[in-house]
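Quick look at input_7.txt (compact mmCIF, C-alpha atoms and all ligand atoms):
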```txt
# COMPACT_ATOMS: atom_id res chain seq x y z
CA MET A 1 125.55 118.88 72.50
CA LYS A 2 123.10 116.21 71.31
CA GLU A 3 120.54 115.64 73.99
CA CYS A 4 120.78 112.57 76.18
CA ARG A 5 117.55 112.56 78.16
CA HIS A 6 117.70 108.95 79.26
CA LEU A 7 120.95 107.30 80.29
CA ALA A 8 121.06 103.65 81.33
CA ILE A 9 124.09 102.05 82.96
CA ILE A 10 125.10 98.44 83.57
CA MET A 11 127.20 98.93 86.71
CA ASP A 12 129.70 96.10 86.27
CA GLY A 13 133.03 95.27 87.88
CA ASN A 14 132.46 95.89 91.60
CA GLY A 15 133.72 92.43 92.48
CA ARG A 16 136.89 92.62 90.37
CA TRP A 17 137.63 96.12 91.63
CA ALA A 18 137.40 94.93 95.25
CA LYS A 19 139.52 91.84 94.57
CA ALA A 20 142.23 94.01 93.00
CA GLN A 21 142.31 95.97 96.29
CA GLY A 22 142.58 92.77 98.32
CA LYS A 23 139.05 93.27 99.67
CA PRO A 24 135.94 91.05 99.64
CA ARG A 25 133.51 91.46 96.73
CA THR A 26 130.96 93.05 99.05
CA ALA A 27 133.35 95.97 99.66
CA GLY A 28 133.05 96.69 95.95
CA HIS A 29 129.26 96.77 96.18
CA LEU A 30 129.41 99.26 99.05
CA VAL A 31 131.70 101.61 97.11
CA GLY A 32 129.48 100.96 94.08
CA ALA A 33 126.40 102.09 96.00
CA ASP A 34 128.18 105.30 97.07
CA ASN A 35 129.05 105.85 93.43
CA VAL A 36 125.35 105.66 92.53
CA ARG A 37 124.94 108.88 94.52
CA THR A 38 127.98 110.54 92.90
CA ILE A 39 126.87 109.69 89.38
CA ALA A 40 123.20 110.54 89.99
CA ILE A 41 124.20 114.04 91.10
CA ALA A 42 126.60 114.45 88.18
CA ALA A 43 123.99 113.20 85.70
CA ASP A 44 121.41 115.61 87.10
CA GLU A 45 123.86 118.50 86.81
CA LEU A 46 124.63 117.49 83.22
CA GLY A 47 120.94 117.75 82.31
CA ILE A 48 120.01 114.08 82.19
CA GLU A 49 116.36 113.53 83.11
CA TYR A 50 116.25 109.74 83.52
CA LEU A 51 119.07 107.63 84.93
CA THR A 52 118.33 103.89 84.93
CA LEU A 53 120.80 101.69 86.81
CA TYR A 54 121.09 97.90 86.84
CA ALA A 55 121.63 97.00 90.50
CA PHE A 56 120.44 93.38 90.67
CA SER A 57 119.29 91.15 87.84
CA THR A 58 116.97 88.15 87.80
CA GLU A 59 120.15 86.10 87.16
CA ASN A 60 122.10 87.53 90.14
CA TRP A 61 120.33 85.14 92.55
CA LYS A 62 122.91 82.55 91.39
CA ARG A 63 125.60 84.31 93.47
CA SER A 64 126.55 83.16 96.96
CA SER A 65 123.89 83.68 99.60
CA ASP A 66 126.32 85.96 101.49
CA GLU A 67 126.73 88.24 98.49
CA VAL A 68 123.01 88.25 97.64
CA GLY A 69 122.16 88.94 101.29
CA TYR A 70 124.61 91.85 101.33
CA ILE A 71 123.16 93.44 98.18
CA MET A 72 119.62 93.04 99.56
CA LYS A 73 120.62 95.05 102.64
CA LEU A 74 122.31 97.82 100.61
CA PRO A 75 119.17 99.83 99.75
CA ALA A 76 118.49 100.43 103.46
CA VAL A 77 122.07 101.67 104.01
CA PHE A 78 121.99 103.71 100.82
CA PHE A 79 118.69 105.51 101.42
CA LYS A 80 119.50 106.15 105.08
CA LYS A 81 122.67 107.96 103.97
CA TYR A 82 121.39 109.77 100.91
CA MET A 83 117.59 110.01 100.74
CA GLN A 84 117.38 113.44 102.33
CA GLU A 85 119.91 114.80 99.84
CA PHE A 86 117.95 113.22 96.95
CA LEU A 87 114.72 114.76 98.21
CA ASP A 88 116.42 118.17 98.54
CA ARG A 89 117.54 117.86 94.93
CA GLY A 90 114.04 116.91 93.79
CA PHE A 91 114.98 113.39 92.66
CA ARG A 92 112.19 110.95 92.06
CA MET A 93 113.05 107.35 92.93
CA ASN A 94 111.59 104.59 90.79
CA ILE A 95 112.39 100.95 91.40
CA LEU A 96 111.96 98.57 88.47
CA GLY A 97 111.74 94.81 88.83
CA GLU A 98 109.68 92.12 90.50
CA LEU A 99 109.77 93.63 93.94
CA ASP A 100 107.46 91.14 95.60
CA ARG A 101 110.12 88.45 95.11
CA LEU A 102 112.63 90.44 97.20
CA PRO A 103 113.01 89.98 100.97
CA ALA A 104 110.11 91.81 102.66
CA SER A 105 112.44 94.25 104.44
CA THR A 106 114.16 95.22 101.15
CA HIS A 107 110.82 95.60 99.40
CA LYS A 108 109.60 97.88 102.20
CA VAL A 109 112.64 100.18 102.00
CA LEU A 110 112.25 100.45 98.22
CA ASP A 111 108.51 101.18 98.45
CA GLU A 112 109.21 103.89 101.02
CA ALA A 113 111.82 105.54 98.78
CA MET A 114 109.32 105.63 95.90
CA GLU A 115 106.52 106.90 98.11
CA GLU A 116 108.59 109.66 99.74
CA SER A 117 109.76 111.04 96.40
CA ARG A 118 106.71 110.45 94.25
CA ASN A 119 105.74 114.12 93.89
CA ASN A 120 109.23 115.20 92.87
CA THR A 121 109.83 116.44 89.36
CA GLY A 122 113.64 116.40 89.12
CA LEU A 123 115.92 113.58 88.00
CA ASN A 124 114.18 110.22 87.75
CA LEU A 125 116.60 107.87 89.47
CA ASN A 126 115.51 104.41 88.37
CA ILE A 127 117.09 101.48 90.15
CA CYS A 128 116.52 98.00 88.73
CA MET A 129 116.29 95.36 91.45
CA ASN A 130 115.40 91.79 90.55
CA TYR A 131 114.97 93.07 87.01
CA GLY A 132 115.33 91.06 83.82
CA SER A 133 114.17 92.33 80.46
CA GLN A 134 112.84 89.00 79.17
CA ARG A 135 110.86 88.63 82.38
CA GLU A 136 109.54 92.20 82.01
CA ILE A 137 108.37 91.53 78.44
CA THR A 138 106.82 88.19 79.47
CA LEU A 139 104.92 89.84 82.31
CA ALA A 140 103.77 92.58 79.92
CA ALA A 141 102.52 89.99 77.39
CA ASN A 142 100.60 88.19 80.14
CA ALA A 143 99.07 91.43 81.44
CA TYR A 144 98.03 92.41 77.92
CA ALA A 145 96.49 88.96 77.25
CA LYS A 146 94.54 89.23 80.50
CA ASP A 147 93.23 92.67 79.51
CA VAL A 148 92.12 91.29 76.13
CA LEU A 149 90.32 88.37 77.81
CA GLU A 150 88.59 90.76 80.18
CA GLY A 151 87.59 93.11 77.37
CA LYS A 152 89.80 95.91 78.68
CA ALA A 153 92.13 96.07 75.66
CA PRO A 154 91.54 95.51 71.94
CA LEU A 155 93.27 92.70 70.05
CA GLY A 156 96.02 94.08 67.82
CA ILE A 157 97.72 96.88 69.72
CA ASP A 158 100.80 98.62 68.30
CA GLU A 159 104.20 99.18 69.89
CA ALA A 160 103.05 102.28 71.76
CA GLY A 161 100.13 100.29 73.12
CA PHE A 162 102.40 97.45 74.27
CA GLU A 163 104.85 99.82 75.96
CA LYS A 164 102.15 100.74 78.43
CA TYR A 165 102.56 97.25 79.94
CA LEU A 166 106.31 97.60 80.49
CA MET A 167 107.91 98.65 83.78
CA THR A 168 109.34 101.68 81.98
CA LYS A 169 105.93 102.90 80.75
CA ASP A 170 106.46 106.37 82.24
CA PHE A 171 109.90 106.93 80.70
CA PRO A 172 111.16 107.87 77.23
CA PRO A 173 113.34 105.38 75.31
CA VAL A 174 116.97 105.01 76.36
CA ASP A 175 119.29 107.37 74.44
CA LEU A 176 122.59 105.97 75.69
CA LEU A 177 123.47 102.66 77.35
CA VAL A 178 126.86 102.46 79.04
CA ARG A 179 128.39 99.27 80.44
CA THR A 180 131.40 99.54 82.70
CA SER A 181 134.27 97.15 83.18
CA GLY A 182 134.98 96.17 79.59
CA GLU A 183 132.39 93.43 79.10
CA LEU A 184 130.63 93.50 75.72
CA ARG A 185 127.20 92.18 76.68
CA ILE A 186 123.69 93.51 77.31
CA SER A 187 122.87 90.88 79.97
CA ASN A 188 119.08 90.92 79.66
CA TYR A 189 118.86 94.67 80.30
CA LEU A 190 116.17 96.93 78.79
CA LEU A 191 116.04 94.95 75.53
CA TRP A 192 112.92 96.72 74.26
CA GLN A 193 113.95 100.17 75.49
CA ILE A 194 117.40 100.22 73.84
CA ALA A 195 116.06 99.56 70.32
CA TYR A 196 117.70 102.77 69.05
CA ALA A 197 120.04 103.58 71.93
CA GLU A 198 123.70 104.34 71.36
CA LEU A 199 125.96 101.80 73.13
CA GLU A 200 129.23 102.50 74.92
CA PHE A 201 131.47 99.99 76.68
CA VAL A 202 134.10 101.57 78.92
CA PRO A 203 137.09 99.85 80.55
CA GLU A 204 136.62 101.46 83.97
CA SER A 205 134.87 99.38 86.62
CA TRP A 206 131.79 100.88 88.27
CA PRO A 207 133.71 102.15 91.36
CA GLU A 208 136.13 103.89 88.94
CA PHE A 209 133.33 105.45 86.88
CA THR A 210 133.76 109.10 87.87
CA PRO A 211 131.84 112.18 86.72
CA ASP A 212 134.73 112.82 84.29
CA VAL A 213 134.22 109.39 82.72
CA LEU A 214 130.52 110.18 82.46
CA LYS A 215 131.36 113.45 80.69
CA ARG A 216 133.61 111.54 78.29
CA CYS A 217 130.72 109.15 77.51
CA LEU A 218 128.35 112.04 76.84
CA ALA A 219 130.92 113.78 74.62
CA GLU A 220 131.26 110.57 72.61
CA PHE A 221 127.46 110.28 72.45
CA SER A 222 127.16 113.80 71.09
CA GLU A 223 129.51 112.84 68.22
CA ARG A 224 127.32 109.91 67.18
CA ASP A 225 125.11 110.28 64.14
CA ARG A 226 121.70 109.02 65.27
CA ARG A 227 119.53 108.23 62.26
CA PHE A 228 116.90 105.94 63.84
CA GLY A 229 116.85 103.87 60.64
CA GLY A 230 116.49 106.90 58.40
CA VAL A 231 118.91 108.49 55.96
CA LYS A 232 121.68 110.91 56.90
CA ASN A 233 120.71 114.55 56.40
CA VAL A 234 123.16 116.27 54.01
C1 LIG B 301 128.18 94.15 89.10
O1 LIG B 301 129.49 93.94 89.52
C2 LIG B 301 127.43 94.70 90.19
C3 LIG B 301 126.32 94.15 90.77
C4 LIG B 301 125.72 92.88 90.37
C5 LIG B 301 125.68 94.81 91.89
C6 LIG B 301 125.59 96.26 91.67
C7 LIG B 301 125.12 96.90 92.87
C8 LIG B 301 125.48 98.13 93.21
C9 LIG B 301 126.40 98.99 92.46
C10 LIG B 301 124.94 98.75 94.40
C11 LIG B 301 123.48 98.90 94.26
C12 LIG B 301 123.05 100.10 94.83
C13 LIG B 301 121.87 100.25 95.41
C14 LIG B 301 121.49 101.59 95.80
C15 LIG B 301 120.96 99.14 95.68
P1 LIG B 301 129.97 92.45 89.68
O2 LIG B 301 129.75 92.04 91.09
O3 LIG B 301 129.32 91.60 88.65
O4 LIG B 301 131.49 92.62 89.41
P2 LIG B 301 132.44 91.53 88.73
O5 LIG B 301 131.98 91.43 87.30
O6 LIG B 301 133.77 92.16 88.86
O7 LIG B 301 132.29 90.27 89.49
```
Now, as a test, write the supplied structure out as structure tokens.
Amino acid sequence: MKECRHLAIIMDGNGRWAKAQGKPRTAGHLVGADNVRTIAIAADELGIEYLTLYAFSTENWKRSSDEVGYIMKLPAVFFKKYMQEFLDRGFRMNILGELDRLPASTHKVLDEAMEESRNNTGLNLNICMNYGSQREITLAANAYAKDVLEGKAPLGIDEAGFEKYLMTKDFPPVDLLVRTSGELRISNYLLWQIAYAELEFVPESWPEFTPDVLKRCLAEFSERDRRFGGVKNV
């Protein structure tokens, strides 16, 4: 099977899934958070090394304050339930996004999860919270400009040099990006990192995205002919 080292997922459809069950949108987010654990374990067992999940975007602040407040409290619930299991499995937690703009209590829980797992060498479970790709690239450009002004970086770096300023600097490029729930958009996610990723859009909502659906995605990925702009080998 073609190797998928880095899988990124846009976890969409929690709200619609909950509504279809006659439940509030927040019920979908709770089931969605539990599914993060299920899919992280499945991904690890399938040999994926980096799993990068879009939990809350820079645009998601536009939602009702009740919904935003609920999502901000989810990391505490999630790590209380599952952190020990993640540590036992050797998972390393990385949180990507502008964390200092999150509520202080959320920021603290996320920092603790990163700190507790920082020496682990298993699956990198990357959760994007208050993440937006355009914001990430803008911050990187500003950080680079500052380094140039301070004489810490030369003028005229290449792509590899610029990548060092991105939040994903420690990770390889994304091999496969999956979006659940049938929407055909990228929604400001990992725009730099998906330059040569394969894209898959599945009809299942995030709560319905089971390990079997993940296997189906990886099987489809392994059928793709990745040429990275080159010519097909015959
Ligand atoms: C998209 O569905 C989902 C979100 C914006 C939130 C995703 C959050 C989680 C899955 C839980 C996060 C987990 C942790 C550990 C913090 P939607 O609400 O846009 O669904 P809709 O398109 O049906 O409205």
### Task
Calculate how many Å separate atom CA of A:Leu7 from atom CA of A:Ser222, rounding to one decimal.
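Separating atom CA of A:Leu7 from atom CA of A:Ser222 is a distance of 12.9 Å.
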### Between atom CA of A:Ala55 and atom CA of A:Val174, distance in Å (one decimal)
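Going from atom CA of A:Ala55 over to atom CA of A:Val174, I get 16.9 Å.
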Restrict the calculation to all atoms listed in the file, then for each residue of chain A with any atom at most 9 Å from an atom of ligand LIG 301 (chain B) give the closest atom pair and their distance in Å to one decimal, rows by chain and rising residue number, as JSON lines.
```
{"residue": "A:Ile10", "atom": "CA", "partner": "B:LIG301", "partner_atom": "C1", "distance": 7.6}
{"residue": "A:Met11", "atom": "CA", "partner": "B:LIG301", "partner_atom": "C1", "distance": 5.4}
{"residue": "A:Asp12", "atom": "CA", "partner": "B:LIG301", "partner_atom": "C1", "distance": 3.8}
{"residue": "A:Gly13", "atom": "CA", "partner": "B:LIG301", "partner_atom": "O6", "distance": 3.3}
{"residue": "A:Asn14", "atom": "CA", "partner": "B:LIG301", "partner_atom": "O4", "distance": 4.1}
{"residue": "A:Gly15", "atom": "CA", "partner": "B:LIG301", "partner_atom": "O6", "distance": 3.6}
{"residue": "A:Arg16", "atom": "CA", "partner": "B:LIG301", "partner_atom": "O6", "distance": 3.5}
{"residue": "A:Trp17", "atom": "CA", "partner": "B:LIG301", "partner_atom": "O6", "distance": 6.2}
{"residue": "A:Ala18", "atom": "CA", "partner": "B:LIG301", "partner_atom": "O6", "distance": 7.9}
{"residue": "A:Lys19", "atom": "CA", "partner": "B:LIG301", "partner_atom": "O6", "distance": 8.1}
{"residue": "A:Arg25", "atom": "CA", "partner": "B:LIG301", "partner_atom": "O2", "distance": 6.8}
{"residue": "A:Thr26", "atom": "CA", "partner": "B:LIG301", "partner_atom": "O2", "distance": 8.1}
{"residue": "A:Gly28", "atom": "CA", "partner": "B:LIG301", "partner_atom": "O2", "distance": 7.5}
{"residue": "A:His29", "atom": "CA", "partner": "B:LIG301", "partner_atom": "C8", "distance": 5.0}
{"residue": "A:Leu30", "atom": "CA", "partner": "B:LIG301", "partner_atom": "C10", "distance": 6.5}
{"residue": "A:Val31", "atom": "CA", "partner": "B:LIG301", "partner_atom": "C9", "distance": 7.5}
{"residue": "A:Gly32", "atom": "CA", "partner": "B:LIG301", "partner_atom": "C9", "distance": 4.0}
{"residue": "A:Ala33", "atom": "CA", "partner": "B:LIG301", "partner_atom": "C10", "distance": 4.0}
{"residue": "A:Asp34", "atom": "CA", "partner": "B:LIG301", "partner_atom": "C12", "distance": 7.6}
{"residue": "A:Asn35", "atom": "CA", "partner": "B:LIG301", "partner_atom": "C9", "distance": 7.4}
{"residue": "A:Val36", "atom": "CA", "partner": "B:LIG301", "partner_atom": "C12", "distance": 6.4}
{"residue": "A:Arg37", "atom": "CA", "partner": "B:LIG301", "partner_atom": "C14", "distance": 8.2}
{"residue": "A:Leu53", "atom": "CA", "partner": "B:LIG301", "partner_atom": "C11", "distance": 8.4}
{"residue": "A:Tyr54", "atom": "CA", "partner": "B:LIG301", "partner_atom": "C6", "distance": 6.8}
{"residue": "A:Ala55", "atom": "CA", "partner": "B:LIG301", "partner_atom": "C6", "distance": 4.2}
{"residue": "A:Phe56", "atom": "CA", "partner": "B:LIG301", "partner_atom": "C4", "distance": 5.3}
{"residue": "A:Ser57", "atom": "CA", "partner": "B:LIG301", "partner_atom": "C4", "distance": 7.1}
{"residue": "A:Asn60", "atom": "CA", "partner": "B:LIG301", "partner_atom": "C4", "distance": 6.5}
{"residue": "A:Glu67", "atom": "CA", "partner": "B:LIG301", "partner_atom": "O2", "distance": 8.8}
{"residue": "A:Ile71", "atom": "CA", "partner": "B:LIG301", "partner_atom": "C15", "distance": 6.6}
{"residue": "A:Met72", "atom": "CA", "partner": "B:LIG301", "partner_atom": "C15", "distance": 7.4}
{"residue": "A:Lys73", "atom": "CA", "partner": "B:LIG301", "partner_atom": "C15", "distance": 8.1}
{"residue": "A:Leu74", "atom": "CA", "partner": "B:LIG301", "partner_atom": "C15", "distance": 5.3}
{"residue": "A:Pro75", "atom": "CA", "partner": "B:LIG301", "partner_atom": "C15", "distance": 4.5}
{"residue": "A:Ala76", "atom": "CA", "partner": "B:LIG301", "partner_atom": "C15", "distance": 8.3}
{"residue": "A:Val77", "atom": "CA", "partner": "B:LIG301", "partner_atom": "C14", "distance": 8.2}
{"residue": "A:Phe78", "atom": "CA", "partner": "B:LIG301", "partner_atom": "C14", "distance": 5.5}
{"residue": "A:Phe79", "atom": "CA", "partner": "B:LIG301", "partner_atom": "C14", "distance": 7.4}
{"residue": "A:Ile127", "atom": "CA", "partner": "B:LIG301", "partner_atom": "C15", "distance": 7.1}
{"residue": "A:Cys128", "atom": "CA", "partner": "B:LIG301", "partner_atom": "C15", "distance": 8.3}
{"residue": "A:Met129", "atom": "CA", "partner": "B:LIG301", "partner_atom": "C15", "distance": 7.3}
{"residue": "A:Thr180", "atom": "CA", "partner": "B:LIG301", "partner_atom": "C1", "distance": 9.0}
{"residue": "A:Ser181", "atom": "CA", "partner": "B:LIG301", "partner_atom": "O5", "distance": 7.4}
{"residue": "A:Glu183", "atom": "CA", "partner": "B:LIG301", "partner_atom": "O5", "distance": 8.5}
{"residue": "A:Ser205", "atom": "CA", "partner": "B:LIG301", "partner_atom": "O6", "distance": 7.6}
{"residue": "A:Trp206", "atom": "CA", "partner": "B:LIG301", "partner_atom": "C9", "distance": 7.1}
{"residue": "A:Pro207", "atom": "CA", "partner": "B:LIG301", "partner_atom": "C9", "distance": 8.0}
```
### Task
Return the single residue from A:Leu149, A:Ala113, A:Ile48, A:Val202 that is closest to A:His6, with distances computed using all atoms listed in the file.
A:Ile48
### Query
How many Å lie between atom CA of A:Ala140 and atom CA of A:Phe162, rounded to one decimal?
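Rounded to one decimal, the two atoms are 7.6 Å apart.
Nearest residue to A:Cys4 among A:Leu51, A:Ile41, A:Ala141, A:Val231 is A:Leu51, counting only C-alpha atoms.
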#### Entry: Selection: 9 Å around A:Gly122, only C-alpha atoms, excl. self and same-chain fewer than 5 positions, as a PyMOL selection string
chain A and resi 44+49+89-92
Extending 4 Å beyond the listed atoms of stretch 59-76 of chain A on each side, what axis-aligned box results? I want centre and edge lengths in Å to one decimal, as AutoDock Vina command-line options.
```
--center_x 122.6 --center_y 91.5 --center_z 95.3 --size_x 16.2 --size_y 25.9 --size_z 24.3
```
### Query
With all atoms listed in the file as the atoms that count, which of A:Thr210, A:Thr138, A:Thr121, A:Ser105 lies nearest to A:Gly69?
A:Ser105
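Shortest separation to A:Ala197 among A:Phe209, A:Pro24, A:Lys215, A:Asp225 occurs at residue A:Asp225, atoms counted being only C-alpha atoms.
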### Task
Pick out the closest residue to A:Leu176 from this set: A:Val148, A:Ala160, A:Ala219, A:Ile39. Count all atoms listed in the file.
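Of A:Val148, A:Ala160, A:Ala219, A:Ile39, the one nearest A:Leu176 is A:Ala219, counting all atoms listed in the file.
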### Best match for closeness to A:Gly97 among A:Ile9, A:Ile194, A:Leu139, A:Val68, counting only C-alpha atoms
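Closest to A:Gly97 of all the choices is A:Leu139.
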